[in-house]
>>> print(open('structure33.cif').read())   # mmCIF, C-alpha atoms
data_data
loop_
_atom_site.group_PDB
_atom_site.id
_atom_site.type_symbol
_atom_site.label_atom_id
_atom_site.label_comp_id
_atom_site.auth_asym_id
_atom_site.auth_seq_id
_atom_site.Cartn_x
_atom_site.Cartn_y
_atom_site.Cartn_z
ATOM 1 C CA MET A 1 101.376 -18.675 -65.279
ATOM 2 C CA GLU A 2 100.153 -15.080 -65.145
ATOM 3 C CA GLY A 3 97.976 -14.098 -62.237
ATOM 4 C CA ARG A 4 99.302 -16.868 -60.049
ATOM 5 C CA ASN A 5 99.683 -15.827 -56.441
ATOM 6 C CA GLN A 6 103.166 -16.885 -55.332
ATOM 7 C CA THR A 7 103.013 -15.438 -51.815
ATOM 8 C CA ASN A 8 101.706 -17.060 -48.666
ATOM 9 C CA SER A 9 100.077 -13.899 -47.276
ATOM 10 C CA PHE A 10 96.672 -14.238 -48.922
ATOM 11 C CA ASP A 11 93.425 -15.531 -47.429
ATOM 12 C CA PHE A 12 91.009 -18.202 -48.590
ATOM 13 C CA LEU A 13 87.250 -17.791 -48.410
ATOM 14 C CA LEU A 14 85.269 -20.757 -47.095
ATOM 15 C CA TRP A 15 81.997 -21.604 -48.828
ATOM 16 C CA GLY A 16 80.527 -22.405 -45.427
ATOM 17 C CA LEU A 17 77.605 -24.570 -44.410
ATOM 18 C CA SER A 18 74.999 -22.713 -46.431
ATOM 19 C CA GLU A 19 74.725 -19.733 -48.752
ATOM 20 C CA GLN A 20 71.242 -18.835 -47.451
ATOM 21 C CA PRO A 21 71.426 -15.834 -45.047
ATOM 22 C CA GLU A 22 68.201 -16.810 -43.268
ATOM 23 C CA GLN A 23 69.723 -20.188 -42.307
ATOM 24 C CA GLN A 24 72.845 -18.796 -40.648
ATOM 25 C CA HIS A 25 71.370 -18.210 -37.181
ATOM 26 C CA PHE A 26 69.782 -21.675 -37.100
ATOM 27 C CA LEU A 27 73.009 -23.335 -38.304
ATOM 28 C CA PHE A 28 75.047 -21.472 -35.678
ATOM 29 C CA LEU A 29 72.801 -22.646 -32.825
ATOM 30 C CA LEU A 30 72.601 -26.202 -34.212
ATOM 31 C CA PHE A 31 76.355 -26.627 -34.653
ATOM 32 C CA LEU A 32 77.120 -24.917 -31.349
ATOM 33 C CA TRP A 33 74.784 -27.374 -29.589
ATOM 34 C CA MET A 34 76.307 -30.332 -31.441
ATOM 35 C CA TYR A 35 79.839 -29.208 -30.605
ATOM 36 C CA VAL A 36 79.116 -28.682 -26.903
ATOM 37 C CA VAL A 37 77.369 -32.065 -26.619
ATOM 38 C CA THR A 38 80.204 -33.779 -28.536
ATOM 39 C CA VAL A 39 82.932 -32.363 -26.293
ATOM 40 C CA ALA A 40 80.941 -32.921 -23.080
ATOM 41 C CA GLY A 41 79.884 -36.464 -24.025
ATOM 42 C CA ASN A 42 83.343 -37.622 -25.067
ATOM 43 C CA LEU A 43 84.916 -35.933 -22.059
ATOM 44 C CA LEU A 44 82.516 -37.798 -19.772
ATOM 45 C CA ILE A 45 83.539 -41.066 -21.445
ATOM 46 C CA ILE A 46 87.225 -40.299 -20.797
ATOM 47 C CA LEU A 47 86.602 -39.273 -17.156
ATOM 48 C CA ALA A 48 84.376 -42.286 -16.458
ATOM 49 C CA ILE A 49 86.956 -44.714 -17.841
ATOM 50 C CA GLY A 50 89.773 -43.012 -15.953
ATOM 51 C CA ALA A 51 87.878 -42.967 -12.659
ATOM 52 C CA ASP A 52 86.519 -46.538 -12.721
ATOM 53 C CA THR A 53 89.156 -49.228 -12.178
ATOM 54 C CA HIS A 54 86.785 -51.870 -13.590
ATOM 55 C CA LEU A 55 87.143 -50.169 -16.976
ATOM 56 C CA HIS A 56 90.941 -50.221 -17.012
ATOM 57 C CA THR A 57 90.973 -52.798 -19.800
ATOM 58 C CA PRO A 58 92.236 -52.633 -23.413
ATOM 59 C CA MET A 59 88.729 -52.184 -24.836
ATOM 60 C CA TYR A 60 88.040 -49.079 -22.748
ATOM 61 C CA PHE A 61 91.594 -47.800 -23.169
ATOM 62 C CA PHE A 62 90.976 -47.695 -26.935
ATOM 63 C CA LEU A 63 87.522 -46.181 -26.379
ATOM 64 C CA ALA A 64 89.030 -43.374 -24.274
ATOM 65 C CA SER A 65 91.622 -42.799 -27.010
ATOM 66 C CA LEU A 66 88.814 -42.633 -29.603
ATOM 67 C CA SER A 67 86.903 -40.098 -27.490
ATOM 68 C CA CYS A 68 90.038 -37.968 -27.172
ATOM 69 C CA ALA A 69 90.602 -38.114 -30.942
ATOM 70 C CA ASP A 70 86.928 -37.198 -31.540
ATOM 71 C CA ILE A 71 87.200 -34.091 -29.356
ATOM 72 C CA LEU A 72 90.316 -32.947 -31.210
ATOM 73 C CA PHE A 73 88.829 -33.904 -34.599
ATOM 74 C CA THR A 74 85.680 -31.842 -34.085
ATOM 75 C CA SER A 75 87.587 -28.948 -32.509
ATOM 76 C CA THR A 76 89.708 -28.621 -35.650
ATOM 77 C CA THR A 77 86.789 -27.550 -37.839
ATOM 78 C CA VAL A 78 83.636 -26.594 -35.919
ATOM 79 C CA PRO A 79 84.887 -23.625 -33.810
ATOM 80 C CA LYS A 80 86.236 -21.901 -36.934
ATOM 81 C CA ALA A 81 82.970 -22.540 -38.784
ATOM 82 C CA LEU A 82 81.018 -21.098 -35.830
ATOM 83 C CA ALA A 83 83.281 -18.039 -35.687
ATOM 84 C CA ASN A 84 82.799 -17.454 -39.412
ATOM 85 C CA ILE A 85 79.014 -17.622 -39.083
ATOM 86 C CA GLN A 86 78.974 -15.304 -36.049
ATOM 87 C CA THR A 87 81.309 -12.682 -37.538
ATOM 88 C CA GLN A 88 79.997 -13.121 -41.090
ATOM 89 C CA ASN A 89 83.630 -13.304 -42.160
ATOM 90 C CA ARG A 90 84.438 -16.485 -44.089
ATOM 91 C CA SER A 91 88.155 -15.857 -44.539
ATOM 92 C CA ILE A 92 90.982 -18.110 -43.335
ATOM 93 C CA SER A 93 94.675 -17.379 -43.822
ATOM 94 C CA TYR A 94 96.904 -19.552 -45.999
ATOM 95 C CA ALA A 95 98.926 -20.692 -42.962
ATOM 96 C CA GLY A 96 95.772 -21.264 -40.910
ATOM 97 C CA CYS A 97 94.235 -23.270 -43.730
ATOM 98 C CA LEU A 98 97.216 -25.616 -44.045
ATOM 99 C CA ALA A 99 97.440 -25.979 -40.259
ATOM 100 C CA GLN A 100 93.746 -26.882 -40.148
ATOM 101 C CA LEU A 101 94.291 -29.360 -42.991
ATOM 102 C CA TYR A 102 97.155 -31.063 -41.143
ATOM 103 C CA PHE A 103 95.293 -31.482 -37.850
ATOM 104 C CA PHE A 104 92.061 -32.481 -39.592
ATOM 105 C CA LEU A 105 93.859 -35.281 -41.464
ATOM 106 C CA THR A 106 95.763 -36.363 -38.343
ATOM 107 C CA PHE A 107 92.725 -36.681 -36.078
ATOM 108 C CA GLY A 108 90.449 -37.994 -38.844
ATOM 109 C CA ASP A 109 92.888 -40.764 -39.771
ATOM 110 C CA MET A 110 93.365 -41.440 -36.062
ATOM 111 C CA ASP A 111 89.653 -42.230 -35.818
ATOM 112 C CA ILE A 112 90.020 -44.708 -38.687
ATOM 113 C CA PHE A 113 93.068 -46.427 -37.179
ATOM 114 C CA LEU A 114 91.520 -46.615 -33.710
ATOM 115 C CA LEU A 115 88.326 -48.193 -35.056
ATOM 116 C CA ALA A 116 90.483 -50.857 -36.729
ATOM 117 C CA THR A 117 92.444 -51.352 -33.498
ATOM 118 C CA MET A 118 89.218 -51.746 -31.512
ATOM 119 C CA ALA A 119 87.982 -54.345 -34.016
ATOM 120 C CA TYR A 120 91.235 -56.288 -33.562
ATOM 121 C CA ASP A 121 90.818 -56.083 -29.783
ATOM 122 C CA ARG A 122 87.311 -57.587 -30.029
ATOM 123 C CA TYR A 123 88.604 -60.272 -32.406
ATOM 124 C CA VAL A 124 91.283 -61.353 -29.918
ATOM 125 C CA ALA A 125 88.847 -61.217 -26.973
ATOM 126 C CA ILE A 126 86.237 -63.413 -28.664
ATOM 127 C CA CYS A 127 88.319 -65.695 -30.898
ATOM 128 C CA HIS A 128 91.376 -66.137 -28.614
ATOM 129 C CA PRO A 129 90.088 -65.472 -25.073
ATOM 130 C CA LEU A 130 92.749 -67.582 -23.331
ATOM 131 C CA HIS A 131 95.586 -65.618 -24.923
ATOM 132 C CA TYR A 132 93.858 -62.224 -24.612
ATOM 133 C CA PRO A 133 95.741 -60.971 -21.490
ATOM 134 C CA THR A 134 99.075 -61.794 -23.130
ATOM 135 C CA ILE A 135 98.318 -60.452 -26.592
ATOM 136 C CA MET A 136 96.562 -57.264 -25.429
ATOM 137 C CA SER A 137 98.914 -56.307 -22.599
ATOM 138 C CA LEU A 138 99.047 -52.685 -21.440
ATOM 139 C CA ARG A 139 102.463 -52.211 -23.037
ATOM 140 C CA ARG A 140 101.224 -53.527 -26.386
ATOM 141 C CA CYS A 141 98.082 -51.371 -26.248
ATOM 142 C CA ILE A 142 100.186 -48.245 -25.647
ATOM 143 C CA LEU A 143 102.483 -49.239 -28.517
ATOM 144 C CA MET A 144 99.492 -49.715 -30.834
ATOM 145 C CA VAL A 145 98.024 -46.294 -30.021
ATOM 146 C CA THR A 146 101.473 -44.668 -30.364
ATOM 147 C CA ALA A 147 101.915 -46.354 -33.745
ATOM 148 C CA CYS A 148 98.497 -45.036 -34.824
ATOM 149 C CA TRP A 149 99.434 -41.458 -33.852
ATOM 150 C CA THR A 150 102.789 -41.757 -35.653
ATOM 151 C CA LEU A 151 101.287 -43.127 -38.871
ATOM 152 C CA THR A 152 98.491 -40.549 -38.977
ATOM 153 C CA SER A 153 100.981 -37.715 -38.417
ATOM 154 C CA LEU A 154 103.177 -38.973 -41.277
ATOM 155 C CA VAL A 155 100.219 -39.317 -43.641
ATOM 156 C CA ALA A 156 98.917 -35.833 -42.748
ATOM 157 C CA MET A 157 102.414 -34.368 -43.138
ATOM 158 C CA THR A 158 102.770 -35.913 -46.593
ATOM 159 C CA HIS A 159 99.498 -34.405 -47.852
ATOM 160 C CA THR A 160 100.221 -31.017 -46.237
ATOM 161 C CA PHE A 161 103.739 -30.737 -47.685
ATOM 162 C CA LEU A 162 102.364 -31.566 -51.130
ATOM 163 C CA MET A 163 99.955 -28.641 -50.737
ATOM 164 C CA PHE A 164 102.918 -26.294 -50.289
ATOM 165 C CA ARG A 165 103.961 -26.904 -53.903
ATOM 166 C CA LEU A 166 100.613 -25.653 -55.235
ATOM 167 C CA SER A 167 99.852 -22.072 -56.190
ATOM 168 C CA PHE A 168 96.443 -20.444 -56.065
ATOM 169 C CA CYS A 169 94.909 -17.956 -58.472
ATOM 170 C CA SER A 170 92.605 -15.031 -57.773
ATOM 171 C CA LYS A 171 89.540 -17.213 -57.169
ATOM 172 C CA LYS A 172 90.226 -18.808 -53.777
ATOM 173 C CA ILE A 173 86.738 -19.751 -52.549
ATOM 174 C CA ILE A 174 86.999 -23.211 -50.970
ATOM 175 C CA PRO A 175 83.767 -25.185 -51.583
ATOM 176 C CA ASP A 176 83.551 -26.459 -47.996
ATOM 177 C CA PHE A 177 83.301 -25.134 -44.427
ATOM 178 C CA PHE A 178 86.940 -26.022 -43.659
ATOM 179 C CA CYS A 179 90.199 -26.708 -45.501
ATOM 180 C CA ASP A 180 90.274 -30.218 -46.950
ATOM 181 C CA LEU A 181 92.334 -31.861 -49.679
ATOM 182 C CA GLY A 182 89.749 -32.090 -52.457
ATOM 183 C CA PRO A 183 88.337 -28.550 -52.126
ATOM 184 C CA LEU A 184 91.853 -27.062 -51.918
ATOM 185 C CA MET A 185 92.943 -28.840 -55.095
ATOM 186 C CA LYS A 186 89.831 -27.530 -56.876
ATOM 187 C CA VAL A 187 90.867 -23.897 -56.302
ATOM 188 C CA SER A 188 94.543 -24.390 -57.216
ATOM 189 C CA CYS A 189 95.866 -23.085 -60.534
ATOM 190 C CA SER A 190 98.829 -25.497 -60.419
ATOM 191 C CA ASP A 191 99.038 -29.011 -61.794
ATOM 192 C CA THR A 192 97.476 -31.157 -59.057
ATOM 193 C CA HIS A 193 98.165 -34.493 -60.762
ATOM 194 C CA ILE A 194 100.679 -35.649 -58.117
ATOM 195 C CA ASN A 195 98.424 -34.545 -55.248
ATOM 196 C CA GLU A 196 95.483 -36.420 -56.763
ATOM 197 C CA LEU A 197 97.525 -39.611 -57.216
ATOM 198 C CA VAL A 198 98.766 -39.448 -53.619
ATOM 199 C CA LEU A 199 95.203 -38.803 -52.409
ATOM 200 C CA ILE A 200 93.889 -41.802 -54.355
ATOM 201 C CA PHE A 201 96.611 -44.269 -53.380
ATOM 202 C CA LEU A 202 97.657 -43.100 -49.911
ATOM 203 C CA GLY A 203 94.225 -41.835 -48.907
ATOM 204 C CA GLY A 204 92.576 -44.934 -50.344
ATOM 205 C CA ALA A 205 94.980 -47.156 -48.421
ATOM 206 C CA VAL A 206 94.344 -45.285 -45.154
ATOM 207 C CA ILE A 207 90.587 -45.730 -45.577
ATOM 208 C CA LEU A 208 90.229 -49.120 -47.267
ATOM 209 C CA ILE A 209 92.941 -51.187 -45.544
ATOM 210 C CA PRO A 210 91.579 -50.545 -42.005
ATOM 211 C CA PHE A 211 88.041 -51.034 -43.327
ATOM 212 C CA ILE A 212 88.959 -54.416 -44.843
ATOM 213 C CA LEU A 213 90.749 -55.440 -41.632
ATOM 214 C CA ILE A 214 87.635 -54.506 -39.647
ATOM 215 C CA LEU A 215 85.438 -56.586 -41.959
ATOM 216 C CA VAL A 216 87.799 -59.564 -41.710
ATOM 217 C CA SER A 217 87.824 -59.249 -37.909
ATOM 218 C CA TYR A 218 84.033 -59.225 -37.773
ATOM 219 C CA ILE A 219 83.743 -62.196 -40.113
ATOM 220 C CA HIS A 220 85.896 -64.191 -37.680
ATOM 221 C CA ILE A 221 83.962 -62.793 -34.703
ATOM 222 C CA VAL A 222 80.563 -63.721 -36.155
ATOM 223 C CA SER A 223 81.851 -67.177 -37.079
ATOM 224 C CA ALA A 224 83.173 -67.720 -33.537
ATOM 225 C CA VAL A 225 80.014 -66.393 -31.867
ATOM 226 C CA LEU A 226 77.731 -68.623 -33.939
ATOM 227 C CA ARG A 227 79.631 -71.633 -32.611
ATOM 228 C CA VAL A 228 78.741 -70.674 -29.024
ATOM 229 C CA ARG A 229 76.011 -73.021 -27.790
ATOM 230 C CA SER A 230 74.576 -70.712 -25.156
ATOM 231 C CA ALA A 231 72.090 -68.144 -26.479
ATOM 232 C CA GLN A 232 73.014 -65.833 -23.594
ATOM 233 C CA GLY A 233 76.695 -66.164 -24.480
ATOM 234 C CA ARG A 234 75.997 -65.279 -28.120
ATOM 235 C CA LEU A 235 73.925 -62.260 -27.064
ATOM 236 C CA LYS A 236 76.660 -61.010 -24.725
ATOM 237 C CA ALA A 237 79.328 -61.391 -27.409
ATOM 238 C CA PHE A 238 77.251 -59.558 -30.009
ATOM 239 C CA SER A 239 76.363 -56.773 -27.550
ATOM 240 C CA THR A 240 80.042 -55.982 -26.939
ATOM 241 C CA CYS A 241 80.584 -55.597 -30.694
ATOM 242 C CA GLY A 242 77.275 -54.053 -31.758
ATOM 243 C CA SER A 243 78.067 -50.491 -30.715
ATOM 244 C CA HIS A 244 81.483 -50.579 -32.367
ATOM 245 C CA PHE A 245 80.053 -51.954 -35.604
ATOM 246 C CA ALA A 246 77.357 -49.225 -35.647
ATOM 247 C CA VAL A 247 80.045 -46.525 -35.376
ATOM 248 C CA VAL A 248 82.136 -48.224 -38.084
ATOM 249 C CA ALA A 249 79.182 -48.391 -40.489
ATOM 250 C CA LEU A 250 78.248 -44.733 -39.982
ATOM 251 C CA PHE A 251 81.805 -43.390 -40.101
ATOM 252 C CA PHE A 252 83.170 -45.383 -43.037
ATOM 253 C CA GLY A 253 79.983 -45.043 -45.068
ATOM 254 C CA THR A 254 80.229 -41.241 -45.082
ATOM 255 C CA VAL A 255 84.046 -41.158 -45.412
ATOM 256 C CA ILE A 256 83.978 -43.413 -48.477
ATOM 257 C CA ARG A 257 81.199 -41.254 -49.964
ATOM 258 C CA ALA A 258 83.197 -38.073 -49.390
ATOM 259 C CA TYR A 259 86.646 -39.231 -50.545
ATOM 260 C CA LEU A 260 86.360 -42.249 -52.817
ATOM 261 C CA CYS A 261 83.202 -41.450 -54.809
ATOM 262 C CA PRO A 262 83.617 -38.986 -57.690
ATOM 263 C CA SER A 263 81.569 -35.801 -57.635
ATOM 264 C CA SER A 264 80.954 -32.991 -60.073
ATOM 265 C CA SER A 265 81.448 -29.288 -59.423
ATOM 266 C CA SER A 266 77.743 -28.435 -59.542
ATOM 267 C CA PHE A 267 76.027 -26.613 -56.700
ATOM 268 C CA ASN A 268 73.949 -29.663 -55.758
ATOM 269 C CA SER A 269 77.084 -31.806 -55.651
ATOM 270 C CA VAL A 270 78.805 -29.321 -53.345
ATOM 271 C CA GLU A 271 75.822 -29.463 -50.992
ATOM 272 C CA GLU A 272 75.840 -33.287 -51.071
ATOM 273 C CA ASP A 273 79.583 -33.386 -50.366
ATOM 274 C CA THR A 274 79.136 -30.946 -47.482
ATOM 275 C CA ALA A 275 76.356 -33.098 -46.020
ATOM 276 C CA ALA A 276 78.570 -36.212 -46.212
ATOM 277 C CA VAL A 277 81.484 -34.355 -44.589
ATOM 278 C CA VAL A 278 79.240 -33.038 -41.789
ATOM 279 C CA MET A 279 78.149 -36.623 -41.074
ATOM 280 C CA TYR A 280 81.622 -37.935 -40.275
ATOM 281 C CA THR A 281 83.202 -34.738 -38.915
ATOM 282 C CA VAL A 282 80.343 -33.645 -36.628
ATOM 283 C CA VAL A 283 77.528 -36.195 -36.377
ATOM 284 C CA THR A 284 79.622 -39.336 -35.794
ATOM 285 C CA PRO A 285 81.714 -37.832 -32.946
ATOM 286 C CA LEU A 286 78.417 -36.569 -31.479
ATOM 287 C CA LEU A 287 76.769 -40.003 -31.596
ATOM 288 C CA ASN A 288 79.769 -42.046 -30.398
ATOM 289 C CA PRO A 289 79.275 -41.361 -26.652
ATOM 290 C CA PHE A 290 75.563 -42.193 -26.882
ATOM 291 C CA ILE A 291 76.127 -45.368 -28.908
ATOM 292 C CA TYR A 292 78.851 -46.688 -26.608
ATOM 293 C CA SER A 293 77.158 -45.713 -23.335
ATOM 294 C CA LEU A 294 73.563 -46.693 -24.124
ATOM 295 C CA ARG A 295 74.559 -50.151 -25.418
ATOM 296 C CA ASN A 296 77.086 -50.906 -22.682
ATOM 297 C CA LYS A 297 76.033 -51.681 -19.091
ATOM 298 C CA ASP A 298 79.548 -51.225 -17.684
ATOM 299 C CA MET A 299 79.853 -47.836 -19.361
ATOM 300 C CA LYS A 300 76.428 -46.722 -18.133
ATOM 301 C CA GLY A 301 77.304 -47.798 -14.600
ATOM 302 C CA ALA A 302 80.614 -45.923 -14.696
ATOM 303 C CA LEU A 303 78.911 -42.760 -15.975
ATOM 304 C CA VAL A 304 76.252 -42.957 -13.250
ATOM 305 C CA ARG A 305 78.915 -43.394 -10.550
ATOM 306 C CA LEU A 306 80.941 -40.512 -11.995
ATOM 307 C CA LEU A 307 77.966 -38.145 -12.103
ATOM 308 C CA ARG A 308 76.797 -39.167 -8.619
ATOM 309 C CA GLY A 309 80.296 -38.501 -7.318
ATOM 310 C CA LYS A 310 80.310 -35.025 -8.894
ATOM 311 C CA VAL A 311 76.876 -34.240 -7.460
ATOM 312 C CA SER A 312 77.944 -35.487 -4.021
ATOM 313 C CA CYS A 313 81.033 -33.263 -4.146
ATOM 314 C CA LEU A 314 78.891 -30.255 -5.051
ATOM 315 C CA TRP A 315 76.456 -30.961 -2.227
ATOM 316 C CA GLY A 316 79.358 -31.498 0.152
ATOM 317 C CA GLN A 317 80.594 -27.999 -0.593
#
>>> encode(input="structure33.cif", output="structure tokens")
Amino acid sequence: MEGRNQTNSFDFLLWGLSEQPEQQHFLFLLFLWMYVVTVAGNLLIILAIGADTHLHTPMYFFLASLSCADILFTSTTVPKALANIQTQNRSISYAGCLAQLYFFLTFGDMDIFLLATMAYDRYVAICHPLHYPTIMSLRRCILMVTACWTLTSLVAMTHTFLMFRLSFCSKKIIPDFFCDLGPLMKVSCSDTHINELVLIFLGGAVILIPFILILVSYIHIVSAVLRVRSAQGRLKAFSTCGSHFAVVALFFGTVIRAYLCPSSSSFNSVEEDTAAVVMYTVVTPLLNPFIYSLRNKDMKGALVRLLRGKVSCLWGQ
């Protein structure tokens, strides 16, 4: 095909968060604040869990892993978007774009797998409490998280390698603020049929299978909790699952909208897609620390003890 760029030395242009020049300063400050709060909040969760021996349980081990994945997930896209707004330069190299795509898919899928793992952990704790220490041993928890990292890396590698086979024509403006599968395929001048099939089947499996497993786990959890005679016992069981279910609903709702719902190429559709992507790439990692800490007494206590310890150390100096 004439005009096809066969080299890997070109740059893409990112559509960004908004085309309106007067909104750029506001968007920069907003996303900078959201990024700083996201990293600080999730880092506090990790430090609090690591410092408090009472939280050295499978549930909090998975929560710390989720916070780590959220920091990496957000750091894959937001700093580059902030740099582009500040420098007014929306370009990203071909190699940088594919690297961003790989890490974005890895950490994004890791969030999905960890949410499913956390749902399984709650299912075992509530439905099989006597066998919980045996089933959710430290060794098995580490194996589960390792398996999640391995699977997400393989899935991300598959999508990224398939991108290498595509060529891109002169118009290389990606309709998003980072490099993602759908926007990249839209600007390719190659046949993307194979990439689209892999995205539908592999991507659909990565999203829907964990989502179905989470729903099945919660059906069993709700059924088991309703059989508890004590109202206080039912409330305690639901409180341990409420925060997780809130995160699942927010995250999967926006992911399914972004990846599994068809969209047109109109300007309004691009803005809607960008809003959905912002929800699960920026807003959900931002809200996770607040949801888990505000609804969890043990987590709030650990955070208070951690912060008091830091303040005491500062005063001691």
>>> residues_around(input="structure33.cif", residues="Met136 in chain A", least_positions_apart="3", cutoff="10 Å", atoms="all atoms listed in the file", output="mmCIF file with C-alpha atoms, keeping the file's coordinate frame")
data_model
loop_
_atom_site.group_PDB
_atom_site.id
_atom_site.type_symbol
_atom_site.label_atom_id
_atom_site.label_comp_id
_atom_site.auth_asym_id
_atom_site.auth_seq_id
_atom_site.Cartn_x
_atom_site.Cartn_y
_atom_site.Cartn_z
ATOM 1 C CA THR A 57 90.973 -52.798 -19.800
ATOM 2 C CA PRO A 58 92.236 -52.633 -23.413
ATOM 3 C CA MET A 59 88.729 -52.184 -24.836
ATOM 4 C CA TYR A 120 91.235 -56.288 -33.562
ATOM 5 C CA ASP A 121 90.818 -56.083 -29.783
ATOM 6 C CA VAL A 124 91.283 -61.353 -29.918
ATOM 7 C CA ALA A 125 88.847 -61.217 -26.973
ATOM 8 C CA HIS A 131 95.586 -65.618 -24.923
ATOM 9 C CA TYR A 132 93.858 -62.224 -24.612
ATOM 10 C CA PRO A 133 95.741 -60.971 -21.490
ATOM 11 C CA ARG A 139 102.463 -52.211 -23.037
ATOM 12 C CA ARG A 140 101.224 -53.527 -26.386
ATOM 13 C CA CYS A 141 98.082 -51.371 -26.248
ATOM 14 C CA ILE A 142 100.186 -48.245 -25.647
ATOM 15 C CA MET A 144 99.492 -49.715 -30.834
#
>>> closest_residue(input="structure33.cif", among="A:Cys241, A:Val304, A:Leu208, A:Ile291", to="Tyr123 in chain A", atoms="all atoms listed in the file")
A:Cys241
>>> resolve_selection(input="structure33.cif", expression="the PyMOL selection byres ((chain A and resi 110-114) around 8)", output="MDAnalysis selection string")
chainID A and resid 62 65:66 69:70 106:109 115:118 145 148:149 152 206:207 210
>>> axis_aligned_box(input="structure33.cif", around="range 11-15 of chain A", padding_each_side="8 Å", output="lines of an AutoDock Vina configuration file")
center_x = 87.7
center_y = -18.6
center_z = -48.0
size_x = 27.4
size_y = 22.1
size_z = 17.7
>>> resolve_selection(input="structure33.cif", expression="the PyMOL selection byres ((chain A and resi 179) around 10)", output="list of chain:residue names")
A:Phe12, A:Leu13, A:Leu14, A:Thr77, A:Ile92, A:Tyr94, A:Gly96, A:Cys97, A:Leu98, A:Ala99, A:Gln100, A:Leu101, A:Tyr102, A:Phe104, A:Ile174, A:Pro175, A:Asp176, A:Phe177, A:Phe178, A:Asp180, A:Leu181, A:Gly182, A:Pro183, A:Leu184
>>> resolve_selection(input="structure33.cif", expression="the PyMOL selection byres ((chain A and resi 303) around 10)", output="ChimeraX atom specification")
/A:44-49,51-52,293,297-302,304-309
>>> atom_distance(input="structure33.cif", atom1="CA of Phe201 in chain A", atom2="CA of Ser93 in chain A")
28.6 Å
>>> closest_residue(input="structure33.cif", among="A:Ile221, A:Leu235, A:Val282, A:His159", to="Leu250 in chain A", atoms="all atoms listed in the file")
A:Val282
>>> atom_distance(input="structure33.cif", atom1="CA of Phe61 in chain A", atom2="CA of Ile214 in chain A")
18.2 Å
>>> closest_residue(input="structure33.cif", among="A:Ser217, A:Thr274, A:Asn296, A:Ser75", to="Tyr35 in chain A", atoms="only C-alpha atoms")
A:Ser75
>>> atom_distance(input="structure33.cif", atom1="CA of Phe161 in chain A", atom2="CA of Ser188 in chain A")
14.7 Å
